[in-house]
Amino acid sequence: MRDPYRQLAAALAALALLVACDRPATDGSRQPAATVAAPAGAGDSWRSDVATIAAAGDNVARLDAIRHRMQAIGLAPAETAFDSGDRSGTNLTAAVNGGDDAPLLLLGAHADRVDQGDGATDNASGAAVVLALAQRLHDRPLAHHRVAVAFWDLEEAGLLGSKAYVAEGGERPALYVNFDVFGWGDTLWMMTPDPAHRLVADSAAGGGGGGEGGGGGEEYPPP
């Protein structure tokens, strides 16, 4: 039986190492360092996804870019439109794999950005991590867990997308892992109501074992 927390932590640690090879541009966005040789495979895909989402333009176009990438992985994205006051948005969700009666592991990130800048770090970097994990877990399914992914709209306006998911009766997962501002610095920051959770320990161990530039795991309870 594959341990879902160890497998997820291993993937996170690998992505953290790739992100640590990048440095922020002067305008605060995230760009690949030209002097660092990009590893083949997941690293190239992650950087490409960050660039594609950031260059897409407004929030609708960013969701479009994410939708196309989900389809390329082999997922079938579902669109759920919602209204909140005078704002309208769309969440994207998709099942990755797993039996209907298995506990749900939900991986999510917000797809929208603030009005200024391209939103490469916040949050194309986090959305690209979810896409990378979806690819990995699609190719190497967990034996006893279902995996699904979610991309929330209008989170910068007050967590409107995720609130709509809850209000509309979206399935409550056994574990939800949210990815926000992943592509900044060389430290994997974790906020959790349970610092003793296996995913925290495995991520800290994986990140700390990466060698120079690999970063480390940090955990903090929610404010």
# chains A, B, ... in the order shown; residues from 1 in each chain; ligands from 1

call {"tool": "residues_around", "arguments": {"residues": "segment 166-180 of chain A", "least_positions_apart": "2", "cutoff": "6 Å", "atoms": "only C-alpha atoms", "output": "ChimeraX atom specification"}}
result
/A:103-109,123,126,163-164,182

call {"tool": "residues_around", "arguments": {"residues": "Thr80 of chain A", "least_positions_apart": "3", "cutoff": "10 Å", "atoms": "only C-alpha atoms", "output": "list in words"}}
result
Pro77, Gly89, Thr90, Asn91, Leu92, Thr93, Trp152, Asp153, Gly161, Ala164, Tyr165 and Glu168 of chain A

call {"tool": "residues_around", "arguments": {"residues": "Asp100 of chain A", "least_positions_apart": "6", "cutoff": "12 Å", "atoms": "only C-alpha atoms", "output": "list in words"}}
result
His144, His145, Arg146, Val147, Ala148 and Glu171 of chain A

call {"tool": "select_by_dssp", "arguments": {"residues": "segment 52-97 of chain A", "states": "strand (DSSP E)", "output": "PyMOL selection string"}}
result
chain A and resi 78-84+87-97

call {"tool": "write_last_selection", "arguments": {"atoms": "N, CA, C and O atoms", "output": "PDB file, in the first residue's frame"}}
result
ATOM      1  N   ALA A  78     -14.520  20.001 -14.445  1.00  0.00           N
ATOM      2  CA  ALA A  78     -15.911  20.438 -14.299  1.00  0.00           C
ATOM      3  C   ALA A  78     -15.910  21.907 -13.900  1.00  0.00           C
ATOM      4  O   ALA A  78     -15.138  22.317 -13.025  1.00  0.00           O
ATOM      5  N   GLU A  79     -16.756  22.688 -14.539  1.00  0.00           N
ATOM      6  CA  GLU A  79     -16.857  24.109 -14.240  1.00  0.00           C
ATOM      7  C   GLU A  79     -18.096  24.354 -13.385  1.00  0.00           C
ATOM      8  O   GLU A  79     -19.190  23.909 -13.733  1.00  0.00           O
ATOM      9  N   THR A  80     -17.901  25.065 -12.282  1.00  0.00           N
ATOM     10  CA  THR A  80     -19.029  25.408 -11.418  1.00  0.00           C
ATOM     11  C   THR A  80     -19.071  26.921 -11.259  1.00  0.00           C
ATOM     12  O   THR A  80     -18.212  27.520 -10.599  1.00  0.00           O
ATOM     13  N   ALA A  81     -20.067  27.538 -11.882  1.00  0.00           N
ATOM     14  CA  ALA A  81     -20.219  28.981 -11.798  1.00  0.00           C
ATOM     15  C   ALA A  81     -20.872  29.355 -10.466  1.00  0.00           C
ATOM     16  O   ALA A  81     -21.667  28.597  -9.910  1.00  0.00           O
ATOM     17  N   PHE A  82     -20.507  30.518  -9.950  1.00  0.00           N
ATOM     18  CA  PHE A  82     -21.098  30.987  -8.697  1.00  0.00           C
ATOM     19  C   PHE A  82     -21.200  32.503  -8.715  1.00  0.00           C
ATOM     20  O   PHE A  82     -20.490  33.188  -9.462  1.00  0.00           O
ATOM     21  N   ASP A  83     -22.103  33.019  -7.900  1.00  0.00           N
ATOM     22  CA  ASP A  83     -22.269  34.458  -7.725  1.00  0.00           C
ATOM     23  C   ASP A  83     -22.087  34.798  -6.257  1.00  0.00           C
ATOM     24  O   ASP A  83     -22.515  34.053  -5.370  1.00  0.00           O
ATOM     25  N   SER A  84     -21.435  35.920  -6.016  1.00  0.00           N
ATOM     26  CA  SER A  84     -21.270  36.414  -4.648  1.00  0.00           C
ATOM     27  C   SER A  84     -21.407  37.928  -4.686  1.00  0.00           C
ATOM     28  O   SER A  84     -20.490  38.633  -5.135  1.00  0.00           O
ATOM     29  N   ARG A  87     -20.252  39.936  -7.794  1.00  0.00           N
ATOM     30  CA  ARG A  87     -19.147  39.245  -8.453  1.00  0.00           C
ATOM     31  C   ARG A  87     -19.592  37.865  -8.916  1.00  0.00           C
ATOM     32  O   ARG A  87     -20.342  37.178  -8.224  1.00  0.00           O
ATOM     33  N   SER A  88     -19.113  37.477 -10.079  1.00  0.00           N
ATOM     34  CA  SER A  88     -19.379  36.144 -10.612  1.00  0.00           C
ATOM     35  C   SER A  88     -18.057  35.473 -10.934  1.00  0.00           C
ATOM     36  O   SER A  88     -17.133  36.107 -11.459  1.00  0.00           O
ATOM     37  N   GLY A  89     -17.963  34.194 -10.628  1.00  0.00           N
ATOM     38  CA  GLY A  89     -16.732  33.463 -10.876  1.00  0.00           C
ATOM     39  C   GLY A  89     -17.019  32.024 -11.255  1.00  0.00           C
ATOM     40  O   GLY A  89     -18.175  31.587 -11.291  1.00  0.00           O
ATOM     41  N   THR A  90     -15.943  31.289 -11.500  1.00  0.00           N
ATOM     42  CA  THR A  90     -16.054  29.884 -11.893  1.00  0.00           C
ATOM     43  C   THR A  90     -14.945  29.082 -11.225  1.00  0.00           C
ATOM     44  O   THR A  90     -13.760  29.446 -11.342  1.00  0.00           O
ATOM     45  N   ASN A  91     -15.315  28.027 -10.535  1.00  0.00           N
ATOM     46  CA  ASN A  91     -14.341  27.086  -9.987  1.00  0.00           C
ATOM     47  C   ASN A  91     -14.142  25.935 -10.964  1.00  0.00           C
ATOM     48  O   ASN A  91     -15.075  25.508 -11.642  1.00  0.00           O
ATOM     49  N   LEU A  92     -12.909  25.427 -11.031  1.00  0.00           N
ATOM     50  CA  LEU A  92     -12.600  24.246 -11.827  1.00  0.00           C
ATOM     51  C   LEU A  92     -12.230  23.100 -10.888  1.00  0.00           C
ATOM     52  O   LEU A  92     -11.382  23.275 -10.002  1.00  0.00           O
ATOM     53  N   THR A  93     -12.853  21.954 -11.052  1.00  0.00           N
ATOM     54  CA  THR A  93     -12.526  20.777 -10.257  1.00  0.00           C
ATOM     55  C   THR A  93     -12.417  19.577 -11.195  1.00  0.00           C
ATOM     56  O   THR A  93     -12.971  19.573 -12.298  1.00  0.00           O
ATOM     57  N   ALA A  94     -11.684  18.559 -10.747  1.00  0.00           N
ATOM     58  CA  ALA A  94     -11.567  17.339 -11.546  1.00  0.00           C
ATOM     59  C   ALA A  94     -11.118  16.197 -10.661  1.00  0.00           C
ATOM     60  O   ALA A  94     -10.282  16.374  -9.763  1.00  0.00           O
ATOM     61  N   ALA A  95     -11.682  15.029 -10.905  1.00  0.00           N
ATOM     62  CA  ALA A  95     -11.199  13.805 -10.269  1.00  0.00           C
ATOM     63  C   ALA A  95      -9.921  13.376 -10.971  1.00  0.00           C
ATOM     64  O   ALA A  95      -9.826  13.418 -12.203  1.00  0.00           O
ATOM     65  N   VAL A  96      -8.928  12.963 -10.189  1.00  0.00           N
ATOM     66  CA  VAL A  96      -7.667  12.473 -10.755  1.00  0.00           C
ATOM     67  C   VAL A  96      -7.727  10.960 -10.912  1.00  0.00           C
ATOM     68  O   VAL A  96      -7.460  10.419 -11.977  1.00  0.00           O
ATOM     69  N   ASN A  97      -8.077  10.265  -9.839  1.00  0.00           N
ATOM     70  CA  ASN A  97      -8.279   8.815  -9.880  1.00  0.00           C
ATOM     71  C   ASN A  97      -8.749   8.344  -8.507  1.00  0.00           C
ATOM     72  O   ASN A  97      -8.819   9.122  -7.561  1.00  0.00           O
TER      73      ASN A  97
END

call {"tool": "atom_distance", "arguments": {"atom1": "atom CA of Ile66 of chain A", "atom2": "atom CA of Gln135 of chain A"}}
result
12.8 Å

call {"tool": "select_by_dssp", "arguments": {"residues": "segment 40-83 of chain A", "states": "helix (DSSP H, G or I)", "output": "PyMOL selection string"}}
result
chain A and resi 42-55+59-73

call {"tool": "write_last_selection", "arguments": {"atoms": "N, CA and C atoms", "output": "short mmCIF file (atom, residue, chain, number, x, y, z; two decimals), in the first residue's frame"}}
result
data_model
loop_
_atom_site.label_atom_id
_atom_site.label_comp_id
_atom_site.auth_asym_id
_atom_site.auth_seq_id
_atom_site.Cartn_x
_atom_site.Cartn_y
_atom_site.Cartn_z
N ALA A 42 9.48 17.08 -14.66
CA ALA A 42 8.54 17.85 -13.85
C ALA A 42 8.93 19.31 -13.72
N GLY A 43 10.23 19.57 -13.58
CA GLY A 43 10.68 20.95 -13.43
C GLY A 43 10.36 21.79 -14.64
N ASP A 44 10.62 21.25 -15.82
CA ASP A 44 10.32 21.99 -17.04
C ASP A 44 8.82 22.23 -17.16
N SER A 45 8.03 21.22 -16.85
CA SER A 45 6.59 21.34 -16.95
C SER A 45 6.07 22.38 -15.97
N TRP A 46 6.59 22.37 -14.74
CA TRP A 46 6.14 23.34 -13.73
C TRP A 46 6.44 24.76 -14.18
N ARG A 47 7.66 25.01 -14.63
CA ARG A 47 8.02 26.35 -15.08
C ARG A 47 7.18 26.79 -16.27
N SER A 48 6.95 25.85 -17.17
CA SER A 48 6.12 26.17 -18.34
C SER A 48 4.71 26.53 -17.93
N ASP A 49 4.16 25.80 -16.98
CA ASP A 49 2.80 26.09 -16.52
C ASP A 49 2.72 27.44 -15.82
N VAL A 50 3.73 27.76 -15.00
CA VAL A 50 3.76 29.07 -14.35
C VAL A 50 3.75 30.18 -15.40
N ALA A 51 4.62 30.06 -16.40
CA ALA A 51 4.73 31.08 -17.44
C ALA A 51 3.43 31.20 -18.24
N THR A 52 2.82 30.07 -18.57
CA THR A 52 1.59 30.09 -19.37
C THR A 52 0.44 30.73 -18.61
N ILE A 53 0.28 30.37 -17.35
CA ILE A 53 -0.82 30.93 -16.55
C ILE A 53 -0.61 32.42 -16.32
N ALA A 54 0.64 32.81 -16.00
CA ALA A 54 0.93 34.21 -15.73
C ALA A 54 0.74 35.08 -16.98
N ALA A 55 1.04 34.52 -18.15
CA ALA A 55 0.93 35.30 -19.38
C ALA A 55 -0.49 35.32 -19.94
N ASN A 59 -8.44 36.85 -15.13
CA ASN A 59 -8.77 35.61 -14.41
C ASN A 59 -9.48 34.59 -15.30
N VAL A 60 -10.31 35.05 -16.22
CA VAL A 60 -10.99 34.12 -17.13
C VAL A 60 -9.98 33.40 -18.00
N ALA A 61 -9.00 34.14 -18.51
CA ALA A 61 -7.98 33.54 -19.36
C ALA A 61 -7.08 32.61 -18.57
N ARG A 62 -6.81 32.94 -17.31
CA ARG A 62 -5.99 32.06 -16.47
C ARG A 62 -6.71 30.72 -16.26
N LEU A 63 -7.99 30.78 -15.98
CA LEU A 63 -8.76 29.54 -15.84
C LEU A 63 -8.75 28.73 -17.13
N ASP A 64 -8.80 29.43 -18.25
CA ASP A 64 -8.75 28.76 -19.55
C ASP A 64 -7.43 28.00 -19.72
N ALA A 65 -6.33 28.65 -19.35
CA ALA A 65 -5.03 28.01 -19.47
C ALA A 65 -4.94 26.78 -18.57
N ILE A 66 -5.46 26.90 -17.36
CA ILE A 66 -5.45 25.77 -16.43
C ILE A 66 -6.32 24.63 -16.96
N ARG A 67 -7.49 24.98 -17.51
CA ARG A 67 -8.40 23.97 -18.06
C ARG A 67 -7.71 23.16 -19.17
N HIS A 68 -7.02 23.87 -20.07
CA HIS A 68 -6.34 23.17 -21.18
C HIS A 68 -5.25 22.24 -20.65
N ARG A 69 -4.55 22.68 -19.63
CA ARG A 69 -3.48 21.84 -19.05
C ARG A 69 -4.09 20.61 -18.37
N MET A 70 -5.20 20.80 -17.67
CA MET A 70 -5.88 19.66 -17.04
C MET A 70 -6.28 18.62 -18.09
N GLN A 71 -6.81 19.10 -19.20
CA GLN A 71 -7.23 18.20 -20.27
C GLN A 71 -6.04 17.47 -20.87
N ALA A 72 -4.90 18.16 -20.98
CA ALA A 72 -3.69 17.53 -21.52
C ALA A 72 -3.19 16.41 -20.61
N ILE A 73 -3.41 16.56 -19.30
CA ILE A 73 -3.03 15.51 -18.35
C ILE A 73 -3.92 14.29 -18.50
#

call {"tool": "closest_residue", "arguments": {"among": "A:Ser203, A:Thr192, A:Ser162, A:Thr121", "to": "Ala150 of chain A", "atoms": "only C-alpha atoms"}}
result
A:Ser162

call {"tool": "atom_distance", "arguments": {"atom1": "atom CA of Asp122 of chain A", "atom2": "atom CA of Glu156 of chain A"}}
result
9.7 Å

call {"tool": "closest_residue", "arguments": {"among": "A:Phe151, A:Gly206, A:Gly117, A:Ala157", "to": "Val130 of chain A", "atoms": "only C-alpha atoms"}}
result
A:Phe151

call {"tool": "atom_distance", "arguments": {"atom1": "atom CA of Leu154 of chain A", "atom2": "atom CA of Leu133 of chain A"}}
result
22.5 Å
